[in-house]
Amino acid sequence: MEIKSIGVVGAGQMGNGIAHVMALAGYEVRLNDISQESLDNAIALIGKNLDRQVSREKITADERDSAMARITTTMALQDIAQTDLVIEAATEREEVKNKIFETLLPDLAPHTILTSNTSSISITRLASRTDRPERFMGFHFMNPVPVMQLVELIRGIATDKPTYDACLGVVEKLGKTAASAEDFPAFIVNRILMPMINEAVYTLYEGVGNVNSIDQSMKLGANHPMGPLELADFIGLDTCLAIMNVLHDGLADTKYRPCPLLTKYVEAGWLGRKSQRGFYDYRGDTPVPTR
């Protein structure tokens, strides 16, 4: 089927990035959130990011204006139910995602494809709670969405080929690259990335090095663009912990046990950049390590 309209659930860091790239690629986008403030902030951020692309001559002013005109916002989930493709980009909690899909079901168009931007949760299990497991799959964008080129496409056990092909066509229209992943906990990227971050937190927890030395070692010794603790703050420590818990529970292997220090930071509300404190303190002019 041809995808023309896209509904995005969640106007946070991932949702506004997805809405940005979809509108820029020519899709009509309906962006949903439970908070009008979040929607307003998302539109302002999309506009700011599009302006940056114009200033860098990556897009024209007309392309920016056309993209902004293609985005509408709504606090009512039923307003996005008739789109061709729905991308759920809510918080990484399975009960939240299930509630969203259950609320959408009565109003969905028969042809609508449902997808989740989950970075770790079973696609098969999410799909089983809907009326269309064959038209349900994982559509995992990387953060920040306008910059990162990879999209993981994850088929559940029932996902049919036309659904996969339709989502692959969207990725290609965005000018991004698709990686096909099997439906195992955390898929490909986070199956590899999150244990590395968790091990960096253990290295800090055990006193092998401080925040600065750990991040500098990986940047200068392994040529990583960001240190693992800096990256964890960028992703969100609550998200990192949620993914590690999915890995630990889903694969039943102690090597995926979340570091107690990661849990402690999340319990303290030190979630990284979004809360202004994590492994770094962002409340001043420059980030300062907290340990």
# chains A, B, ... in the order shown; residues from 1 in each chain; ligands from 1
call {"tool": "residues_around", "arguments": {"residues": "Leu168 (chain A)", "least_positions_apart": "2", "cutoff": "12 Å", "atoms": "only C-alpha atoms", "output": "NGL selection string"}}
result
:A and (1-3 or 137-140 or 150-155 or 161-166 or 170-180)
call {"tool": "write_last_selection", "arguments": {"atoms": "N, CA, C and O atoms", "output": "CSV table (one decimal), in the first residue's frame"}}
result
chain,number,residue,atom,x,y,z
A,1,MET,N,0.8,-1.2,0.0
A,1,MET,CA,0.0,0.0,0.0
A,1,MET,C,0.9,1.2,0.0
A,1,MET,O,2.0,1.2,0.4
A,2,GLU,N,0.3,2.3,-0.5
A,2,GLU,CA,1.1,3.6,-0.5
A,2,GLU,C,0.8,4.4,0.8
A,2,GLU,O,-0.4,4.6,1.1
A,3,ILE,N,1.8,4.8,1.4
A,3,ILE,CA,1.6,5.6,2.7
A,3,ILE,C,1.6,7.1,2.3
A,3,ILE,O,2.6,7.6,1.7
A,137,MET,N,4.4,-3.8,13.3
A,137,MET,CA,5.9,-4.0,13.4
A,137,MET,C,6.6,-3.0,14.1
A,137,MET,O,6.0,-1.9,14.5
A,138,GLY,N,7.9,-3.2,14.4
A,138,GLY,CA,8.7,-2.2,15.0
A,138,GLY,C,9.4,-1.3,14.0
A,138,GLY,O,9.8,-1.7,13.0
A,139,PHE,N,9.4,0.0,14.4
A,139,PHE,CA,9.9,1.1,13.5
A,139,PHE,C,10.8,1.9,14.4
A,139,PHE,O,10.4,3.0,14.8
A,140,HIS,N,12.0,1.5,14.6
A,140,HIS,CA,12.9,2.1,15.6
A,140,HIS,C,13.9,3.1,15.0
A,140,HIS,O,14.8,2.7,14.3
A,150,LEU,N,20.2,5.5,10.5
A,150,LEU,CA,19.7,4.1,10.6
A,150,LEU,C,18.3,4.1,11.1
A,150,LEU,O,17.9,4.8,12.0
A,151,VAL,N,17.5,3.1,10.6
A,151,VAL,CA,16.2,2.8,11.2
A,151,VAL,C,16.1,1.3,11.2
A,151,VAL,O,16.3,0.6,10.2
A,152,GLU,N,15.9,0.8,12.4
A,152,GLU,CA,15.7,-0.7,12.6
A,152,GLU,C,14.2,-1.0,12.3
A,152,GLU,O,13.3,-0.4,12.8
A,153,LEU,N,14.0,-2.0,11.4
A,153,LEU,CA,12.7,-2.5,11.1
A,153,LEU,C,12.6,-3.9,11.7
A,153,LEU,O,13.4,-4.8,11.4
A,154,ILE,N,11.6,-4.1,12.6
A,154,ILE,CA,11.5,-5.4,13.3
A,154,ILE,C,10.2,-6.0,13.1
A,154,ILE,O,9.1,-5.4,13.4
A,155,ARG,N,10.2,-7.2,12.5
A,155,ARG,CA,8.9,-7.9,12.3
A,155,ARG,C,8.6,-8.8,13.5
A,155,ARG,O,9.4,-9.5,14.0
A,161,LYS,N,4.4,-9.5,4.7
A,161,LYS,CA,5.4,-8.9,3.8
A,161,LYS,C,5.0,-7.5,3.3
A,161,LYS,O,5.8,-6.6,3.2
A,162,PRO,N,3.7,-7.4,2.9
A,162,PRO,CA,3.2,-6.0,2.5
A,162,PRO,C,3.5,-5.0,3.5
A,162,PRO,O,3.8,-3.8,3.2
A,163,THR,N,3.3,-5.3,4.8
A,163,THR,CA,3.5,-4.3,5.9
A,163,THR,C,5.0,-4.0,5.9
A,163,THR,O,5.3,-2.8,6.0
A,164,TYR,N,5.8,-5.0,5.9
A,164,TYR,CA,7.3,-4.7,5.9
A,164,TYR,C,7.7,-3.9,4.7
A,164,TYR,O,8.5,-2.9,4.9
A,165,ASP,N,7.2,-4.2,3.6
A,165,ASP,CA,7.6,-3.5,2.3
A,165,ASP,C,7.1,-2.1,2.4
A,165,ASP,O,7.8,-1.1,1.9
A,166,ALA,N,5.9,-1.8,2.9
A,166,ALA,CA,5.4,-0.4,3.0
A,166,ALA,C,6.3,0.4,4.0
A,166,ALA,O,6.6,1.5,3.7
A,170,VAL,N,8.9,3.7,3.2
A,170,VAL,CA,8.9,5.0,4.0
A,170,VAL,C,10.4,5.3,4.3
A,170,VAL,O,10.8,6.5,4.2
A,171,VAL,N,11.1,4.3,4.8
A,171,VAL,CA,12.5,4.6,5.2
A,171,VAL,C,13.3,5.1,4.0
A,171,VAL,O,14.1,6.0,4.1
A,172,GLU,N,13.1,4.4,2.8
A,172,GLU,CA,13.8,4.8,1.6
A,172,GLU,C,13.4,6.2,1.2
A,172,GLU,O,14.3,7.0,0.7
A,173,LYS,N,12.2,6.6,1.3
A,173,LYS,CA,11.7,7.9,1.0
A,173,LYS,C,12.4,9.0,1.9
A,173,LYS,O,12.6,10.1,1.5
A,174,LEU,N,12.6,8.6,3.1
A,174,LEU,CA,13.3,9.5,4.1
A,174,LEU,C,14.8,9.7,3.7
A,174,LEU,O,15.4,10.6,4.3
A,175,GLY,N,15.3,8.8,2.9
A,175,GLY,CA,16.7,8.9,2.6
A,175,GLY,C,17.6,8.2,3.6
A,175,GLY,O,18.8,8.5,3.7
A,176,LYS,N,16.9,7.4,4.5
A,176,LYS,CA,17.7,6.7,5.5
A,176,LYS,C,17.9,5.2,5.1
A,176,LYS,O,17.5,4.8,4.1
A,177,THR,N,18.7,4.5,6.0
A,177,THR,CA,19.0,3.1,5.7
A,177,THR,C,18.3,2.2,6.7
A,177,THR,O,18.3,2.5,7.9
A,178,ALA,N,17.7,1.2,6.2
A,178,ALA,CA,17.0,0.2,7.1
A,178,ALA,C,17.8,-1.0,7.4
A,178,ALA,O,18.6,-1.5,6.6
A,179,ALA,N,17.8,-1.4,8.7
A,179,ALA,CA,18.4,-2.6,9.1
A,179,ALA,C,17.3,-3.5,9.6
A,179,ALA,O,16.5,-3.2,10.5
A,180,SER,N,17.2,-4.7,9.0
A,180,SER,CA,16.2,-5.7,9.4
A,180,SER,C,16.6,-6.5,10.6
A,180,SER,O,17.7,-7.1,10.6
call {"tool": "residues_around", "arguments": {"residues": "Gly278 (chain A)", "least_positions_apart": "2", "cutoff": "8 Å", "atoms": "only C-alpha atoms", "output": "ChimeraX atom specification"}}
result
/A:233,237,265,270-273,275-276,280-281,290
call {"tool": "atom_distance", "arguments": {"atom1": "CA of Thr130 (chain A)", "atom2": "CA of Cys240 (chain A)"}}
result
26.8 Å
call {"tool": "select_by_dssp", "arguments": {"residues": "region 113-254 of chain A", "states": "helix (DSSP H, G or I)", "output": "MDAnalysis selection string"}}
result
chainID A and resid 123:127 133:135 161:173 189:205 211:221 228:235 237:251 254
call {"tool": "atom_distance", "arguments": {"atom1": "CA of Thr159 (chain A)", "atom2": "CA of Thr74 (chain A)"}}
result
28.7 Å
call {"tool": "closest_residue", "arguments": {"among": "A:Ile87, A:Met226, A:Leu50, A:Leu77", "to": "Asn117 (chain A)", "atoms": "only C-alpha atoms"}}
result
A:Ile87
call {"tool": "closest_residue", "arguments": {"among": "A:Met68, A:Leu126, A:Ile214, A:Ile113", "to": "Glu95 (chain A)", "atoms": "only C-alpha atoms"}}
result
A:Leu126
call {"tool": "atom_distance", "arguments": {"atom1": "CA of Glu182 (chain A)", "atom2": "CA of Ala89 (chain A)"}}
result
19.7 Å
call {"tool": "closest_atom_pairs", "arguments": {"of": "region 132-191 of chain A", "to": "region 4-15 of chain A", "cutoff": "9 Å", "atoms": "only C-alpha atoms", "output": "CSV"}}
result
residue,atom,partner,partner_atom,distance
A:Phe141,CA,A:Met14,CA,7.7
A:Met142,CA,A:Met14,CA,8.2
A:Asn143,CA,A:Met14,CA,6.7
A:Pro144,CA,A:Met14,CA,7.3
A:Val145,CA,A:Met14,CA,6.8
call {"tool": "closest_atom_pairs", "arguments": {"of": "region 33-135 of chain A", "to": "region 243-264 of chain A", "cutoff": "8 Å", "atoms": "only C-alpha atoms", "output": "tab-separated table"}}
result
residue	atom	partner	partner_atom	distance
A:Ser119	CA	A:Ile243	CA	7.4
A:Ser120	CA	A:Ile243	CA	5.8
A:Ile121	CA	A:Val246	CA	6.9
call {"tool": "closest_residue", "arguments": {"among": "A:Met218, A:Asp183, A:Gln78, A:Val208", "to": "Met196 (chain A)", "atoms": "only C-alpha atoms"}}
result
A:Met218
call {"tool": "closest_residue", "arguments": {"among": "A:Ala90, A:Ile80, A:Ala181, A:Ala67", "to": "Ser122 (chain A)", "atoms": "only C-alpha atoms"}}
result
A:Ala181
call {"tool": "residues_around", "arguments": {"residues": "Glu63 (chain A)", "least_positions_apart": "6", "cutoff": "12 Å", "atoms": "only C-alpha atoms", "output": "list in words"}}
result
His20, Val21, Ala23, Leu24, Ala25, Gly26, Gly47, Leu50, Asp51, Gln53, Val54, Glu57, Ala69 and Arg70 of chain A
call {"tool": "select_by_dssp", "arguments": {"residues": "region 89-275 of chain A", "states": "strand (DSSP E)", "output": "PyMOL selection string"}}
result
chain A and resi 113-116+136-141+150-155+177-181
call {"tool": "closest_residue", "arguments": {"among": "A:Pro225, A:Val147, A:Thr60, A:Arg93", "to": "Leu241 (chain A)", "atoms": "only C-alpha atoms"}}
result
A:Arg93
call {"tool": "closest_residue", "arguments": {"among": "A:Arg129, A:Glu88, A:Ala76, A:Leu104", "to": "Gln36 (chain A)", "atoms": "only C-alpha atoms"}}
result
A:Ala76
call {"tool": "decode", "arguments": {"residues": "region 253-266 of chain A", "atoms": "all heavy atoms", "output": "compact mmCIF listing (two decimals), in the first residue's frame"}}
result
# COMPACT_ATOMS: atom_id res chain seq x y z
N ASP A 253 19.95 -13.71 31.66
CA ASP A 253 21.40 -13.85 31.76
C ASP A 253 21.91 -12.76 32.69
O ASP A 253 21.62 -11.57 32.51
CB ASP A 253 22.03 -13.72 30.38
CG ASP A 253 23.49 -14.16 30.35
OD1 ASP A 253 24.20 -13.89 31.34
OD2 ASP A 253 23.92 -14.72 29.33
N THR A 254 22.71 -13.15 33.71
CA THR A 254 23.18 -12.18 34.69
C THR A 254 24.10 -11.12 34.10
O THR A 254 24.30 -10.07 34.72
CB THR A 254 23.93 -12.89 35.84
OG1 THR A 254 25.00 -13.67 35.29
CG2 THR A 254 22.98 -13.80 36.61
N LYS A 255 24.65 -11.37 32.91
CA LYS A 255 25.53 -10.36 32.32
C LYS A 255 24.77 -9.09 31.94
O LYS A 255 25.38 -8.05 31.69
CB LYS A 255 26.26 -10.91 31.10
CG LYS A 255 25.42 -11.12 29.86
CD LYS A 255 26.27 -11.67 28.71
CE LYS A 255 25.48 -11.87 27.44
NZ LYS A 255 26.31 -12.41 26.34
N TYR A 256 23.44 -9.17 31.90
CA TYR A 256 22.62 -8.00 31.58
C TYR A 256 22.04 -7.34 32.83
O TYR A 256 21.19 -6.45 32.72
CB TYR A 256 21.48 -8.39 30.64
CG TYR A 256 21.96 -8.93 29.31
CD1 TYR A 256 21.72 -10.26 28.95
CD2 TYR A 256 22.66 -8.12 28.42
CE1 TYR A 256 22.16 -10.76 27.73
CE2 TYR A 256 23.10 -8.63 27.20
CZ TYR A 256 22.86 -9.93 26.87
OH TYR A 256 23.30 -10.43 25.67
N ARG A 257 22.50 -7.71 34.02
CA ARG A 257 21.97 -7.11 35.25
C ARG A 257 22.31 -5.63 35.29
O ARG A 257 23.48 -5.25 35.19
CB ARG A 257 22.57 -7.82 36.47
CG ARG A 257 22.02 -7.30 37.80
CD ARG A 257 22.52 -8.16 38.96
NE ARG A 257 23.94 -7.96 39.19
CZ ARG A 257 24.45 -7.12 40.08
NH1 ARG A 257 23.63 -6.37 40.82
NH2 ARG A 257 25.75 -7.00 40.25
N PRO A 258 21.31 -4.76 35.45
CA PRO A 258 21.60 -3.31 35.50
C PRO A 258 22.51 -2.98 36.68
O PRO A 258 22.33 -3.53 37.78
CB PRO A 258 20.22 -2.68 35.66
CG PRO A 258 19.25 -3.71 35.20
CD PRO A 258 19.86 -5.03 35.52
N CYS A 259 23.44 -2.09 36.46
CA CYS A 259 24.33 -1.67 37.54
C CYS A 259 23.52 -0.96 38.63
O CYS A 259 22.68 -0.11 38.33
CB CYS A 259 25.41 -0.73 37.00
SG CYS A 259 26.54 -0.12 38.26
N PRO A 260 23.76 -1.28 39.91
CA PRO A 260 23.03 -0.61 40.99
C PRO A 260 23.17 0.91 40.96
O PRO A 260 22.25 1.63 41.37
CB PRO A 260 23.66 -1.20 42.25
CG PRO A 260 24.17 -2.54 41.83
CD PRO A 260 24.63 -2.37 40.41
N LEU A 261 24.31 1.41 40.48
CA LEU A 261 24.48 2.86 40.42
C LEU A 261 23.56 3.49 39.39
O LEU A 261 23.03 4.59 39.59
CB LEU A 261 25.94 3.20 40.09
CG LEU A 261 26.30 4.69 40.09
CD1 LEU A 261 26.05 5.32 41.46
CD2 LEU A 261 27.76 4.90 39.67
N LEU A 262 23.31 2.80 38.28
CA LEU A 262 22.37 3.28 37.28
C LEU A 262 20.97 3.37 37.90
O LEU A 262 20.25 4.36 37.73
CB LEU A 262 22.37 2.36 36.06
CG LEU A 262 21.38 2.69 34.94
CD1 LEU A 262 21.64 4.07 34.36
CD2 LEU A 262 21.45 1.62 33.84
N THR A 263 20.59 2.33 38.63
CA THR A 263 19.29 2.32 39.31
C THR A 263 19.20 3.47 40.31
O THR A 263 18.16 4.15 40.41
CB THR A 263 19.08 0.98 40.03
OG1 THR A 263 19.16 -0.09 39.08
CG2 THR A 263 17.73 0.93 40.73
N LYS A 264 20.27 3.72 41.05
CA LYS A 264 20.27 4.78 42.06
C LYS A 264 20.08 6.16 41.43
O LYS A 264 19.32 6.99 41.94
CB LYS A 264 21.59 4.75 42.85
CG LYS A 264 21.64 5.78 43.98
CD LYS A 264 22.96 5.70 44.74
CE LYS A 264 23.07 4.43 45.55
NZ LYS A 264 24.28 4.41 46.39
N TYR A 265 20.75 6.40 40.31
CA TYR A 265 20.60 7.69 39.63
C TYR A 265 19.15 7.88 39.17
O TYR A 265 18.60 8.98 39.29
CB TYR A 265 21.55 7.77 38.44
CG TYR A 265 22.91 8.35 38.75
CD1 TYR A 265 23.74 7.76 39.69
CD2 TYR A 265 23.38 9.49 38.11
CE1 TYR A 265 24.99 8.29 39.98
CE2 TYR A 265 24.62 10.03 38.38
CZ TYR A 265 25.42 9.43 39.34
OH TYR A 265 26.65 9.96 39.62
N VAL A 266 18.55 6.84 38.63
CA VAL A 266 17.17 6.94 38.16
C VAL A 266 16.23 7.18 39.34
O VAL A 266 15.31 8.02 39.27
CB VAL A 266 16.77 5.68 37.38
CG1 VAL A 266 15.27 5.71 37.04
CG2 VAL A 266 17.58 5.58 36.09
